[in-house]
Every structure is written in C-alpha cells, then in structure tokens.
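Next comes start_21.txt, a file with compact mmCIF, C-alpha atoms and all ligand atoms.
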# COMPACT_ATOMS: atom_id res chain seq x y z
CA MET A 1 38.20 7.14 19.78
CA LYS A 2 37.91 6.51 16.05
CA LYS A 3 34.43 6.15 14.59
CA ARG A 4 33.42 2.54 13.97
CA VAL A 5 32.16 1.27 10.63
CA TYR A 6 30.27 -1.99 10.03
CA SER A 7 29.01 -3.68 6.90
CA GLY A 8 28.24 -7.23 5.86
CA ILE A 9 27.40 -9.27 2.82
CA ARG A 10 25.45 -12.52 2.70
CA ALA A 11 27.16 -15.67 1.44
CA THR A 12 24.55 -16.31 -1.23
CA GLY A 13 26.76 -16.39 -4.34
CA ARG A 14 29.50 -14.54 -6.13
CA LEU A 15 29.69 -10.80 -5.58
CA HIS A 16 28.35 -8.72 -8.44
CA LEU A 17 28.84 -5.16 -9.62
CA GLY A 18 25.99 -3.96 -7.37
CA ASN A 19 27.70 -5.34 -4.28
CA TYR A 20 31.02 -3.96 -5.51
CA LEU A 21 29.85 -0.42 -6.28
CA GLY A 22 27.15 -0.10 -3.61
CA ALA A 23 28.94 -1.70 -0.67
CA LEU A 24 32.57 -2.60 -1.28
CA LYS A 25 33.62 0.76 -2.74
CA GLY A 26 32.31 2.39 0.43
CA MET A 27 34.14 -0.11 2.61
CA LEU A 28 37.37 0.59 0.71
CA ALA A 29 36.95 4.33 1.13
CA LEU A 30 36.37 4.05 4.87
CA GLN A 31 39.02 1.52 5.89
CA ASP A 32 41.76 4.16 5.78
CA LYS A 33 40.02 6.50 8.19
CA TYR A 34 38.00 4.53 10.71
CA GLU A 35 37.93 1.37 12.78
CA CYS A 36 36.16 -1.00 10.40
CA ILE A 37 34.52 -4.39 10.76
CA PHE A 38 33.46 -6.12 7.57
CA SER A 39 31.51 -9.30 7.91
CA VAL A 40 30.24 -12.29 6.02
CA VAL A 41 26.75 -12.41 7.48
CA ASP A 42 26.13 -16.15 7.35
CA LEU A 43 23.20 -16.00 9.79
CA HIS A 44 21.36 -13.76 7.34
CA THR A 45 22.30 -16.14 4.52
CA ILE A 46 20.13 -18.95 5.88
CA THR A 47 16.90 -16.94 5.90
CA VAL A 48 16.37 -17.92 2.25
CA PRO A 49 16.64 -21.49 0.88
CA TYR A 50 20.30 -22.59 0.98
CA ASP A 51 22.51 -25.68 0.90
CA PRO A 52 24.22 -26.53 4.22
CA ASN A 53 26.80 -28.59 2.32
CA THR A 54 28.16 -25.55 0.52
CA LEU A 55 27.75 -22.88 3.20
CA LYS A 56 31.36 -23.12 4.39
CA GLU A 57 32.69 -22.74 0.85
CA SER A 58 30.34 -19.82 0.12
CA VAL A 59 31.52 -17.96 3.24
CA ARG A 60 35.13 -18.49 2.20
CA GLU A 61 34.39 -17.15 -1.29
CA ILE A 62 33.15 -13.85 0.14
CA ILE A 63 36.23 -13.52 2.35
CA LEU A 64 38.39 -14.08 -0.76
CA ASP A 65 36.36 -11.47 -2.66
CA TYR A 66 36.83 -9.02 0.21
CA LEU A 67 40.60 -9.50 0.18
CA ALA A 68 40.73 -9.41 -3.62
CA VAL A 69 39.01 -6.03 -3.94
CA GLY A 70 41.47 -4.58 -1.47
CA LEU A 71 40.03 -4.82 2.02
CA ASP A 72 43.25 -4.83 4.00
CA PRO A 73 43.48 -6.90 7.22
CA ASP A 74 46.01 -4.35 8.52
CA LYS A 75 43.33 -1.66 8.29
CA CYS A 76 40.08 -3.52 9.05
CA TYR A 77 38.78 -6.64 10.76
CA LEU A 78 37.13 -9.37 8.72
CA GLU A 79 34.42 -11.17 10.61
CA ILE A 80 32.24 -14.24 10.12
CA GLN A 81 29.00 -13.31 11.87
CA SER A 82 28.12 -16.69 13.43
CA LYS A 83 31.61 -16.96 14.94
CA VAL A 84 30.78 -14.00 17.19
CA PRO A 85 27.70 -15.30 19.05
CA GLN A 86 27.09 -11.95 20.75
CA HIS A 87 25.27 -10.90 17.54
CA VAL A 88 22.47 -13.34 18.31
CA GLU A 89 22.30 -12.46 21.99
CA LEU A 90 22.07 -8.73 21.27
CA ALA A 91 19.48 -9.34 18.51
CA TYR A 92 17.26 -11.20 20.95
CA LEU A 93 17.58 -8.50 23.61
CA LEU A 94 16.79 -5.76 21.07
CA SER A 95 13.86 -7.70 19.60
CA THR A 96 12.05 -7.34 22.92
CA ILE A 97 11.79 -3.56 22.49
CA TYR A 98 10.64 -3.46 18.84
CA PRO A 99 7.14 -3.92 17.40
CA VAL A 100 6.39 -6.84 15.08
CA SER A 101 4.04 -4.68 12.97
CA ARG A 102 6.91 -2.42 11.84
CA LEU A 103 8.87 -5.44 10.65
CA GLU A 104 5.92 -6.84 8.70
CA ASP A 105 5.63 -3.56 6.80
CA LEU A 106 9.20 -3.44 5.52
CA PRO A 107 9.59 -3.60 1.71
CA THR A 108 12.50 -6.07 1.91
CA TYR A 109 10.37 -8.51 3.93
CA LYS A 110 7.49 -8.18 1.50
CA ASP A 111 9.83 -8.74 -1.48
CA LYS A 112 11.33 -11.88 0.03
CA LYS A 113 7.88 -13.19 0.94
CA ALA A 114 6.82 -12.79 -2.68
CA GLN A 115 10.06 -14.36 -3.94
CA TYR A 116 9.93 -17.42 -1.63
CA PRO A 117 6.24 -17.87 -0.70
CA LYS A 118 6.97 -21.32 0.76
CA TYR A 119 9.88 -20.13 2.88
CA VAL A 120 8.45 -17.29 4.95
CA ASN A 121 10.33 -17.98 8.17
CA MET A 122 10.78 -16.10 11.44
CA GLY A 123 14.39 -15.37 10.56
CA LEU A 124 13.25 -13.39 7.54
CA LEU A 125 11.00 -11.20 9.66
CA TYR A 126 13.75 -10.91 12.27
CA TYR A 127 16.37 -9.93 9.66
CA PRO A 128 16.37 -6.16 10.34
CA VAL A 129 16.64 -6.73 14.11
CA LEU A 130 19.67 -8.97 13.64
CA MET A 131 21.10 -6.41 11.23
CA ALA A 132 20.59 -3.67 13.82
CA ALA A 133 22.36 -5.87 16.36
CA ASP A 134 25.21 -6.46 13.87
CA VAL A 135 26.01 -2.77 13.69
CA LEU A 136 25.07 -1.74 17.24
CA LEU A 137 27.18 -4.56 18.71
CA TYR A 138 30.20 -2.54 17.60
CA LYS A 139 28.54 0.83 18.20
CA GLY A 140 28.99 1.38 14.46
CA GLU A 141 28.24 4.90 13.23
CA LEU A 142 28.72 4.47 9.49
CA VAL A 143 27.34 1.64 7.38
CA PRO A 144 28.54 1.39 3.76
CA VAL A 145 25.63 -0.38 2.02
CA GLY A 146 23.49 0.19 -1.07
CA ILE A 147 20.34 2.30 -1.10
CA ASP A 148 18.16 -0.85 -0.87
CA GLN A 149 19.24 -1.13 2.76
CA GLU A 150 17.96 2.33 3.80
CA PRO A 151 14.75 0.97 5.42
CA HIS A 152 16.92 -1.34 7.55
CA LEU A 153 19.07 1.60 8.61
CA GLU A 154 15.92 3.39 9.72
CA VAL A 155 14.96 0.37 11.88
CA MET A 156 18.46 0.38 13.33
CA ARG A 157 18.15 4.03 14.34
CA GLU A 158 14.70 3.49 15.82
CA ILE A 159 16.00 0.58 17.90
CA ALA A 160 19.02 2.59 19.06
CA ARG A 161 16.79 5.53 20.07
CA LYS A 162 14.31 3.29 21.87
CA PHE A 163 17.06 1.46 23.75
CA ASN A 164 18.76 4.72 24.75
CA SER A 165 15.49 6.18 26.03
CA MET A 166 14.60 3.04 28.00
CA PHE A 167 17.98 2.09 29.43
CA GLY A 168 20.23 5.16 29.10
CA GLN A 169 22.53 6.46 26.37
CA THR A 170 24.31 3.44 24.88
CA PHE A 171 24.17 3.34 21.08
CA PRO A 172 24.89 5.87 18.31
CA GLU A 173 22.32 6.27 15.51
CA PRO A 174 24.08 4.73 12.49
CA GLN A 175 24.04 6.46 9.11
CA ARG A 176 24.40 4.90 5.69
CA PHE A 177 27.63 5.76 3.88
CA LYS A 178 26.63 6.49 0.28
CA THR A 179 28.64 5.67 -2.83
CA GLU A 180 28.18 6.79 -6.41
CA GLY A 181 26.95 3.29 -7.28
CA GLU A 182 24.43 3.07 -4.44
CA TYR A 183 21.88 1.65 -6.88
CA VAL A 184 23.19 -0.53 -9.69
CA PRO A 185 20.32 -1.53 -11.98
CA SER A 186 19.65 -5.01 -13.30
CA LEU A 187 20.84 -6.01 -16.79
CA THR A 188 17.35 -7.36 -17.43
CA GLY A 189 16.03 -3.81 -17.43
CA LYS A 190 13.84 -4.34 -14.36
CA GLY A 191 14.78 -3.63 -10.74
CA LYS A 192 18.25 -3.81 -9.17
CA MET A 193 21.17 -6.06 -9.95
CA SER A 194 20.87 -8.99 -7.55
CA LYS A 195 22.56 -12.34 -6.95
CA SER A 196 19.23 -14.07 -6.78
CA VAL A 197 17.92 -12.82 -10.14
CA GLU A 198 19.40 -14.74 -13.07
CA GLY A 199 20.48 -12.54 -16.00
CA SER A 200 20.56 -9.44 -13.79
CA PHE A 201 24.22 -9.38 -12.84
CA ILE A 202 27.91 -9.39 -13.79
CA THR A 203 30.07 -10.93 -11.06
CA ILE A 204 33.45 -9.55 -10.07
CA THR A 205 35.09 -12.81 -11.15
CA ASP A 206 33.59 -12.94 -14.66
CA ASP A 207 36.10 -13.12 -17.51
CA PHE A 208 35.91 -10.78 -20.49
CA LYS A 209 33.97 -13.25 -22.63
CA THR A 210 31.33 -13.75 -19.93
CA ILE A 211 30.97 -10.02 -19.35
CA ARG A 212 30.40 -9.52 -23.09
CA GLU A 213 27.84 -12.33 -23.19
CA ARG A 214 25.95 -10.99 -20.20
CA LEU A 215 25.86 -7.49 -21.68
CA ALA A 216 24.88 -8.84 -25.09
CA ALA A 217 21.77 -10.37 -23.49
CA ALA A 218 20.71 -7.02 -21.97
CA PRO A 219 17.66 -5.67 -23.84
CA THR A 220 17.82 -2.36 -25.76
CA ASP A 221 15.53 -0.42 -28.12
CA SER A 222 15.79 0.31 -31.85
CA GLY A 223 18.09 3.26 -31.11
CA THR A 224 16.73 5.30 -33.99
CA GLU A 225 14.09 7.38 -32.26
CA GLY A 226 16.39 10.01 -30.80
CA GLY A 227 15.46 12.57 -28.14
CA ASP A 228 16.18 12.56 -24.43
CA LEU A 229 17.38 9.43 -22.68
CA PRO A 230 14.41 7.43 -21.39
CA LYS A 231 13.88 6.87 -17.68
CA ASP A 232 13.16 3.49 -16.04
CA SER A 233 13.92 1.39 -19.08
CA PRO A 234 16.52 -1.20 -20.10
CA VAL A 235 18.35 1.52 -22.04
CA ALA A 236 18.34 3.85 -19.03
CA ASN A 237 19.90 0.99 -17.03
CA LEU A 238 22.65 0.53 -19.61
CA PHE A 239 23.47 4.24 -19.47
CA THR A 240 23.54 4.13 -15.67
CA LEU A 241 26.13 1.35 -15.84
CA LEU A 242 28.03 3.22 -18.53
CA LYS A 243 28.26 6.31 -16.32
CA LEU A 244 29.74 4.25 -13.52
CA PHE A 245 32.51 2.78 -15.66
CA VAL A 246 33.56 5.18 -18.43
CA SER A 247 34.93 8.73 -18.54
CA ASP A 248 32.57 11.70 -18.87
CA ASP A 249 33.67 12.25 -22.48
CA VAL A 250 32.87 8.71 -23.53
CA TYR A 251 29.53 8.86 -21.73
CA LYS A 252 28.62 12.15 -23.43
CA LYS A 253 29.49 10.74 -26.85
CA PHE A 254 27.01 7.86 -26.44
CA GLU A 255 24.40 10.20 -24.97
CA GLN A 256 24.77 12.45 -28.01
CA ASP A 257 24.51 9.45 -30.34
CA TYR A 258 21.29 8.46 -28.59
CA LYS A 259 19.80 11.95 -28.89
CA GLU A 260 20.53 11.97 -32.59
CA GLY A 261 18.92 8.57 -33.09
CA ASP A 262 22.26 7.21 -34.17
CA ILE A 263 23.31 4.96 -31.30
CA ARG A 264 25.00 1.63 -31.93
CA TYR A 265 24.38 -0.56 -28.92
CA VAL A 266 26.95 -3.14 -30.02
CA GLU A 267 29.61 -0.45 -29.79
CA LEU A 268 28.29 0.80 -26.43
CA LYS A 269 28.26 -2.70 -24.99
CA ASN A 270 31.79 -3.38 -26.24
CA VAL A 271 33.15 -0.20 -24.66
CA LEU A 272 31.29 -1.00 -21.44
CA ALA A 273 32.56 -4.60 -21.36
CA GLU A 274 36.14 -3.43 -21.84
CA SER A 275 35.88 -0.81 -19.08
CA ILE A 276 34.31 -3.24 -16.64
CA TYR A 277 36.92 -5.90 -17.33
CA LYS A 278 39.75 -3.36 -16.99
CA GLU A 279 38.54 -2.57 -13.48
CA LEU A 280 37.96 -6.22 -12.52
CA LYS A 281 41.15 -7.79 -13.91
CA PRO A 282 43.49 -6.64 -11.07
CA ILE A 283 40.88 -7.84 -8.55
CA GLN A 284 40.78 -11.26 -10.22
CA ASP A 285 44.59 -11.50 -10.22
CA LYS A 286 44.78 -10.64 -6.53
CA ARG A 287 42.05 -13.16 -5.76
CA LYS A 288 44.16 -15.94 -7.30
CA GLU A 289 47.06 -15.01 -5.02
CA PHE A 290 44.90 -15.36 -1.91
CA LEU A 291 43.33 -18.53 -3.27
CA ASN A 292 46.80 -20.04 -3.36
CA ASN A 293 47.62 -18.96 0.18
CA GLU A 294 45.08 -20.74 2.36
CA LYS A 295 47.15 -20.46 5.52
CA LEU A 296 47.33 -16.68 5.30
CA VAL A 297 43.56 -16.45 4.75
CA ASP A 298 42.95 -18.72 7.78
CA GLU A 299 45.16 -16.46 9.91
CA ILE A 300 43.37 -13.31 8.74
CA ILE A 301 39.97 -14.83 9.60
CA ALA A 302 41.13 -16.06 13.02
CA GLU A 303 42.60 -12.68 13.95
CA GLY A 304 39.46 -10.84 12.80
CA ILE A 305 37.22 -13.07 14.88
CA ARG A 306 39.48 -12.78 17.94
CA LYS A 307 39.45 -8.98 17.85
CA CYS A 308 35.73 -8.72 17.03
CA THR A 309 34.80 -11.05 19.91
CA GLN A 310 36.65 -8.75 22.31
CA MET A 311 34.85 -5.64 21.06
CA ALA A 312 31.49 -7.43 21.00
CA GLU A 313 31.87 -8.67 24.57
CA GLU A 314 32.41 -5.12 25.82
CA THR A 315 29.10 -3.95 24.35
CA ILE A 316 27.06 -6.99 25.34
CA LYS A 317 28.31 -6.72 28.92
CA GLU A 318 27.16 -3.10 29.05
CA VAL A 319 23.77 -4.02 27.54
CA ARG A 320 23.20 -6.93 29.93
CA GLU A 321 23.92 -4.68 32.90
CA LYS A 322 21.71 -1.84 31.66
CA MET A 323 18.83 -4.25 31.07
CA GLY A 324 19.11 -5.56 34.61
CA PHE A 325 20.95 -8.84 34.08
CA ILE A 326 23.18 -8.21 37.06
CA TYR A 327 22.92 -11.55 38.81
P1 LIG B 1 22.00 -9.31 -3.15
O1 LIG B 1 20.81 -8.40 -3.12
O2 LIG B 1 22.65 -9.36 -4.48
O3 LIG B 1 21.71 -10.68 -2.59
P2 LIG B 1 23.05 -8.58 -0.58
O4 LIG B 1 21.64 -8.49 -0.10
O5 LIG B 1 23.92 -9.64 0.00
O6 LIG B 1 23.07 -8.69 -2.18
O7 LIG B 1 23.71 -7.16 -0.39
C1 LIG B 1 25.05 -6.95 -0.06
C2 LIG B 1 25.40 -5.49 -0.20
O8 LIG B 1 25.40 -5.10 -1.57
C3 LIG B 1 24.43 -4.53 0.51
O9 LIG B 1 25.17 -3.46 1.03
C4 LIG B 1 23.54 -4.05 -0.59
O10 LIG B 1 22.98 -2.78 -0.33
C5 LIG B 1 24.52 -3.98 -1.75
N1 LIG B 1 23.84 -4.16 -3.03
C6 LIG B 1 23.19 -5.27 -3.45
N2 LIG B 1 22.68 -5.09 -4.66
C7 LIG B 1 23.00 -3.80 -5.03
C8 LIG B 1 22.76 -3.01 -6.20
N3 LIG B 1 22.13 -3.51 -7.25
N4 LIG B 1 23.23 -1.74 -6.22
C9 LIG B 1 23.92 -1.22 -5.18
N5 LIG B 1 24.17 -1.92 -4.05
C10 LIG B 1 23.73 -3.20 -3.97
Rewrite the structure of this file - the entire thing - as structure tokens.
Ligand code: ADP
Amino acid sequence: MKKRVYSGIRATGRLHLGNYLGALKGMLALQDKYECIFSVVDLHTITVPYDPNTLKESVREIILDYLAVGLDPDKCYLEIQSKVPQHVELAYLLSTIYPVSRLEDLPTYKDKKAQYPKYVNMGLLYYPVLMAADVLLYKGELVPVGIDQEPHLEVMREIARKFNSMFGQTFPEPQRFKTEGEYVPSLTGKGKMSKSVEGSFITITDDFKTIRERLAAAPTDSGTEGGDLPKDSPVANLFTLLKLFVSDDVYKKFEQDYKEGDIRYVELKNVLAESIYKELKPIQDKRKEFLNNEKLVDEIIAEGIRKCTQMAEETIKEVREKMGFIY
C-alpha cells in the first residue's frame, strides 16, 4: 500500500508565501508519489475569532488556491474537514488518553492565548489533539507543514504511541515533510510570515504593484556598514526571502554588495518583487480558470469528500472496536 500523506490549512484568509513555501510546495512534491489528502481545516479555523457569514466563502478560497498552485484532483483528494465528521469522533476518543498539562505547555497555545486574551477557548487547547486525529484518521505517515508545526507533530506521535501501547498497533508515527521554505520570515522583521499579522505577508494572489508596495514597507538598515550579513534582523529576513526566490548568482551579488557596504535595497526589493511575481503569475492565471468553472470545483470537492469519508470510516471502525465499543 502507498504511504499516506495529510496536510491542512485553516480558512483564515488568503494564502501567503509562508503557506506556499512551507506547506504547499511539500504537498506538490508528494502528490506524485503517495496517496495524499489535503484539507481545508475549517474546524481549526473557528478556534480564533471569525465571521460565520464568510466562512463558506473562505473555505472555497482555499480550495481555489489549492487547485491554482497545482494540487491535482487526479493525484490527491481535497477535503473539507467538517464534512468528514469522523475527525471529531477520533479527536474525542484520542483526547481521553492525553494529558491536559502537555497541551497547556505548547508554544502555539501560549502564542494564541497572548494574541487573543479574550478568546481562550477549549477548542484552542484541543487544537493539537484534533490535528493528531486529522492525520491519524488516514494513518498518514508524512505531513508537509512548516517548522512552526513541529510541536504538534510531536504530540501526534506521542498520541499514536500511547494508543498503540494501550490498544494494540494501529497508527504510524507521522513525520513532518520538510521544504526549503519551512520557515518564511515576516516582512516586518519580527517572527514568521502569518495571515494574522498585518504587514507580515505577501499573498499568492497579490499583483505586482501590491508585492512592490508590501516589500517597500519592509524595514532595512543604512546598508553602508558592510561586514557579514546580520542574523535575526529585518535585513536577514529580506535575504532569506531573496534566497528562496532568486538564483544563487543573484543572491551572491547582493550578499557581496552588503559585505562591501554598498547595497541598494531599492534594487534588491525590485529584483525580489519581480522574481516573486514571476512565480505567482501562472498560479493567478490558473486560479481565474477555476474561478470561472464553479461546477468543476463543486465536483472535485464532492469526490474528495466521498473518498475521504470511506477511508475515514475504515479507521474509525477499527478504533471503536479496539477501544471496546463493540455493542
Ligand atoms: P498562518 O500561520 O498564516 O495562519 P496556518 O496556521 O493556517 O497559517 O498554516 C498553514 C500551513 O502553512 C502550515 O503548514 C504552516 O506550517 C505553514 N506556514 C504558515 N506560516 C508559515 C511560514 N511563515 N513559513 C513556513 N510555513 C508556514
């Protein structure tokens, strides 16, 4: 049997370069080799403040982004998490074998608590258990996600091990599939690029003008000091992005300019904007085609959910039986 792959993205806004390089590039690389399920994880979406009136549209946007970047429904299944209710059932069953204290200690939970101090809900704490259930429901072995998700992968493996030791060998221990862009830094110069931090991101549907404007707002330094490239600074972040989008020669030229105290950030940002747009333009064109073919998109979603429900039911049946629900 082919290895299974699972990954999901929340419907919290347009996909950005971090999502694209950290998650989608991995999904694209794996869809040719393995049995893949790629999801819009709408149940995770609602753990932070959201608008129920736009949820449907936001989910659809992510599906369109998936298709636009090249996820191919002939090679992978596209899923909407809430449409396969076995996710929630498995999450509940798994939550009964995992300690609350471990969840409270996770950096992602602490970050979200700090970000939304008035919205610290059970779902937020429960997030990693549901995420473990997402992957284990399909017995997924590889998970293409960014490095920020590593603590969640660790929880997933702990849950799998615990379940196997209590109820017999059932789940694999999933590993993260790493990409070159596993950590795309924020344009603000602090932390990672994220949908929820204004000024931090470039989305995959931004036009050239917008990309230029967003890069123009990214802070730099005087550029005249010279020496080695700094670490953990806005300039370091710009160079990290540059490395991900331009050839080695072009990168080395700017690095050399920096060392000699002769860097022109306007030029660097222009080159970077052009390279980013060159990569995004075909994605944006393809997105328009799918946008104009609603019926096809509906069919792709329906088929993905049908197939995923079948696979999910097989696992949940096995889990119910192993846990003693045999009446
Ligand atoms: P966001 O943090 O922007 O809300 P999500 O939490 O929905 O994004 O993450 C979706 C996927 O994108 C995950 O696999 C995550 O690891 C990846 N990802 C998010 N931000 C980045 C980033 N800055 N660099 C690399 N990967 C990222």
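If only C-alpha atoms and all ligand atoms are the atoms counted, then among A:Tyr116, A:Phe177, A:Phe254, A:Tyr277 the closest residue to ligand LIG 1 (chain B) is A:Phe177.
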Need the axis-aligned box for region 208-227 of chain A with 4 Å each side, so what are the centre and edges in Å to one decimal, as lines of an AutoDock Vina configuration file?
center_x = 25.0
center_y = -0.6
center_z = -26.7
size_x = 29.8
size_y = 34.3
size_z = 22.6
Near region 210-223 of chain A, counting only C-alpha atoms, which residues have an atom at most 7 Å away, once you skip same-chain residues fewer than 2 positions from it, shown as an mmCIF file with C-alpha atoms, in the frame of the given file?
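The new file part_34.cif reads:
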data_model
loop_
_atom_site.group_PDB
_atom_site.id
_atom_site.type_symbol
_atom_site.label_atom_id
_atom_site.label_comp_id
_atom_site.auth_asym_id
_atom_site.auth_seq_id
_atom_site.Cartn_x
_atom_site.Cartn_y
_atom_site.Cartn_z
ATOM 1 C CA LEU A 187 20.840 -6.010 -16.790
ATOM 2 C CA THR A 188 17.350 -7.360 -17.430
ATOM 3 C CA GLY A 189 16.030 -3.810 -17.430
ATOM 4 C CA ILE A 202 27.910 -9.390 -13.790
ATOM 5 C CA ASP A 206 33.590 -12.940 -14.660
ATOM 6 C CA ASP A 207 36.100 -13.120 -17.510
ATOM 7 C CA PHE A 208 35.910 -10.780 -20.490
ATOM 8 C CA GLU A 225 14.090 7.380 -32.260
ATOM 9 C CA GLY A 226 16.390 10.010 -30.800
ATOM 10 C CA PRO A 234 16.520 -1.200 -20.100
ATOM 11 C CA VAL A 235 18.350 1.520 -22.040
ATOM 12 C CA TYR A 258 21.290 8.460 -28.590
ATOM 13 C CA GLY A 261 18.920 8.570 -33.090
ATOM 14 C CA ASP A 262 22.260 7.210 -34.170
ATOM 15 C CA ILE A 263 23.310 4.960 -31.300
ATOM 16 C CA LYS A 269 28.260 -2.700 -24.990
ATOM 17 C CA ALA A 273 32.560 -4.600 -21.360
#
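Using all atoms listed in the file, the residues found no farther than 12 Å from Lys317 (chain A), other than those of its own chain fewer than 3 positions away, are A:Gln86, A:Glu89, A:Leu90, A:Leu137, A:Thr170, A:Thr309, A:Gln310, A:Met311, A:Ala312, A:Glu313, A:Glu314, A:Arg320, A:Glu321, A:Lys322, A:Met323, A:Gly324, A:Phe325, A:Ile326.
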*Throw together the list of residues within 9 Å of ligand LIG 1 (chain B), counting only C-alpha atoms and all ligand atoms, and drop it here as an NGL selection string.*
:A and (7-24 or 41 or 44-45 or 143-150 or 179 or 181-186 or 191-197 or 200-201)
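Minimum distance to Phe239 (chain A) across A:Leu67, A:Ala29, A:Val5, A:Leu268 (counting all atoms listed in the file) occurs at A:Leu268.
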*Of the residues A:Met131, A:Leu55, A:Val88, A:Ile316, which is the one nearest to Pro151 (chain A), using only C-alpha atoms?*
A:Met131
_Nearest residue to Ser58 (chain A) out of A:Glu267, A:Asp42, A:Asp111, A:Glu289, using only C-alpha atoms?_
A:Asp42
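Shortest atom-to-atom contact with Ala68 (chain A) among A:Asp32, A:Asp285, A:Glu173, A:Glu279: A:Asp285, counting only C-alpha atoms.
Note that CA of Glu180 (chain A) and CA of Lys278 (chain A) are 18.7 Å apart.
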*Kindly indicate which residue among A:Pro49, A:Gly70, A:Pro107, A:Pro174 lies nearest to Gly123 (chain A), using only C-alpha atoms for the distances.*
A:Pro49
*Kindly give the distance, in Å, that separates CA of Lys33 (chain A) and CA of Ile63 (chain A), rounded to a single decimal.*
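Interatomic distance, CA of Lys33 (chain A) to CA of Ile63 (chain A): 21.2 Å.
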Could you give me, as JSON lines, a per-residue list for region 131-224 of chain A showing, wherever an atom lies at most 8 Å from an atom of region 97-101 of chain A, the closest pair of atoms and their distance in Å to one decimal, using only C-alpha atoms and sorting by chain then residue number from low to high?
{"residue": "A:Ile159", "atom": "CA", "partner": "A:Tyr98", "partner_atom": "CA", "distance": 6.8}
{"residue": "A:Lys162", "atom": "CA", "partner": "A:Ile97", "partner_atom": "CA", "distance": 7.3}
{"residue": "A:Phe163", "atom": "CA", "partner": "A:Ile97", "partner_atom": "CA", "distance": 7.4}
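CA of Tyr50 (chain A) lies 17.5 Å from CA of Tyr109 (chain A).
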*Using all atoms listed in the file, determine which residues lie at most 8 Å from region 73-81 of chain A, disregarding the query and same-chain residues fewer than 2 positions distant; provide the list as a ChimeraX atom specification.*
/A:31-32,35-43,59,63,71,83-85,87,300-301,303-305,307-308
Any chance you could export the current selection's C-alpha atoms as a short mmCIF file (atom, residue, chain, number, x, y, z; two decimals), in the coordinates of the input?
data_model
loop_
_atom_site.label_atom_id
_atom_site.label_comp_id
_atom_site.auth_asym_id
_atom_site.auth_seq_id
_atom_site.Cartn_x
_atom_site.Cartn_y
_atom_site.Cartn_z
CA GLN A 31 39.02 1.52 5.89
CA ASP A 32 41.76 4.16 5.78
CA GLU A 35 37.93 1.37 12.78
CA CYS A 36 36.16 -1.00 10.40
CA ILE A 37 34.52 -4.39 10.76
CA PHE A 38 33.46 -6.12 7.57
CA SER A 39 31.51 -9.30 7.91
CA VAL A 40 30.24 -12.29 6.02
CA VAL A 41 26.75 -12.41 7.48
CA ASP A 42 26.13 -16.15 7.35
CA LEU A 43 23.20 -16.00 9.79
CA VAL A 59 31.52 -17.96 3.24
CA ILE A 63 36.23 -13.52 2.35
CA LEU A 71 40.03 -4.82 2.02
CA LYS A 83 31.61 -16.96 14.94
CA VAL A 84 30.78 -14.00 17.19
CA PRO A 85 27.70 -15.30 19.05
CA HIS A 87 25.27 -10.90 17.54
CA ILE A 300 43.37 -13.31 8.74
CA ILE A 301 39.97 -14.83 9.60
CA GLU A 303 42.60 -12.68 13.95
CA GLY A 304 39.46 -10.84 12.80
CA ILE A 305 37.22 -13.07 14.88
CA LYS A 307 39.45 -8.98 17.85
CA CYS A 308 35.73 -8.72 17.03
#
How would region 64-76 of chain A read, as a PDB file, in the frame of the given file, once N, CA and C atoms are built in?
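New file selection.pdb:
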ATOM      1  N   LEU A  64      37.406 -14.233   0.336  1.00  0.00           N
ATOM      2  CA  LEU A  64      38.390 -14.080  -0.760  1.00  0.00           C
ATOM      3  C   LEU A  64      38.059 -12.850  -1.610  1.00  0.00           C
ATOM      4  N   ASP A  65      36.764 -12.656  -1.885  1.00  0.00           N
ATOM      5  CA  ASP A  65      36.360 -11.470  -2.660  1.00  0.00           C
ATOM      6  C   ASP A  65      36.731 -10.186  -1.906  1.00  0.00           C
ATOM      7  N   TYR A  66      36.485 -10.188  -0.613  1.00  0.00           N
ATOM      8  CA  TYR A  66      36.830  -9.020   0.210  1.00  0.00           C
ATOM      9  C   TYR A  66      38.328  -8.691   0.072  1.00  0.00           C
ATOM     10  N   LEU A  67      39.148  -9.725   0.238  1.00  0.00           N
ATOM     11  CA  LEU A  67      40.600  -9.500   0.180  1.00  0.00           C
ATOM     12  C   LEU A  67      41.015  -9.086  -1.226  1.00  0.00           C
ATOM     13  N   ALA A  68      40.370  -9.698  -2.228  1.00  0.00           N
ATOM     14  CA  ALA A  68      40.730  -9.410  -3.620  1.00  0.00           C
ATOM     15  C   ALA A  68      40.434  -7.959  -4.003  1.00  0.00           C
ATOM     16  N   VAL A  69      39.320  -7.418  -3.542  1.00  0.00           N
ATOM     17  CA  VAL A  69      39.010  -6.030  -3.940  1.00  0.00           C
ATOM     18  C   VAL A  69      39.881  -5.025  -3.196  1.00  0.00           C
ATOM     19  N   GLY A  70      40.528  -5.481  -2.138  1.00  0.00           N
ATOM     20  CA  GLY A  70      41.470  -4.580  -1.470  1.00  0.00           C
ATOM     21  C   GLY A  70      41.155  -4.275  -0.022  1.00  0.00           C
ATOM     22  N   LEU A  71      40.197  -4.989   0.577  1.00  0.00           N
ATOM     23  CA  LEU A  71      40.030  -4.820   2.020  1.00  0.00           C
ATOM     24  C   LEU A  71      41.311  -5.359   2.649  1.00  0.00           C
ATOM     25  N   ASP A  72      41.894  -4.546   3.526  1.00  0.00           N
ATOM     26  CA  ASP A  72      43.250  -4.830   4.000  1.00  0.00           C
ATOM     27  C   ASP A  72      43.192  -5.201   5.483  1.00  0.00           C
ATOM     28  N   PRO A  73      43.568  -6.450   5.817  1.00  0.00           N
ATOM     29  CA  PRO A  73      43.480  -6.900   7.220  1.00  0.00           C
ATOM     30  C   PRO A  73      44.348  -6.075   8.175  1.00  0.00           C
ATOM     31  N   ASP A  74      45.256  -5.258   7.634  1.00  0.00           N
ATOM     32  CA  ASP A  74      46.010  -4.350   8.520  1.00  0.00           C
ATOM     33  C   ASP A  74      45.193  -3.107   8.841  1.00  0.00           C
ATOM     34  N   LYS A  75      44.122  -2.886   8.084  1.00  0.00           N
ATOM     35  CA  LYS A  75      43.330  -1.660   8.290  1.00  0.00           C
ATOM     36  C   LYS A  75      41.927  -1.963   8.809  1.00  0.00           C
ATOM     37  N   CYS A  76      41.438  -3.205   8.613  1.00  0.00           N
ATOM     38  CA  CYS A  76      40.080  -3.520   9.050  1.00  0.00           C
ATOM     39  C   CYS A  76      40.021  -4.953   9.570  1.00  0.00           C
TER      40      CYS A  76
END
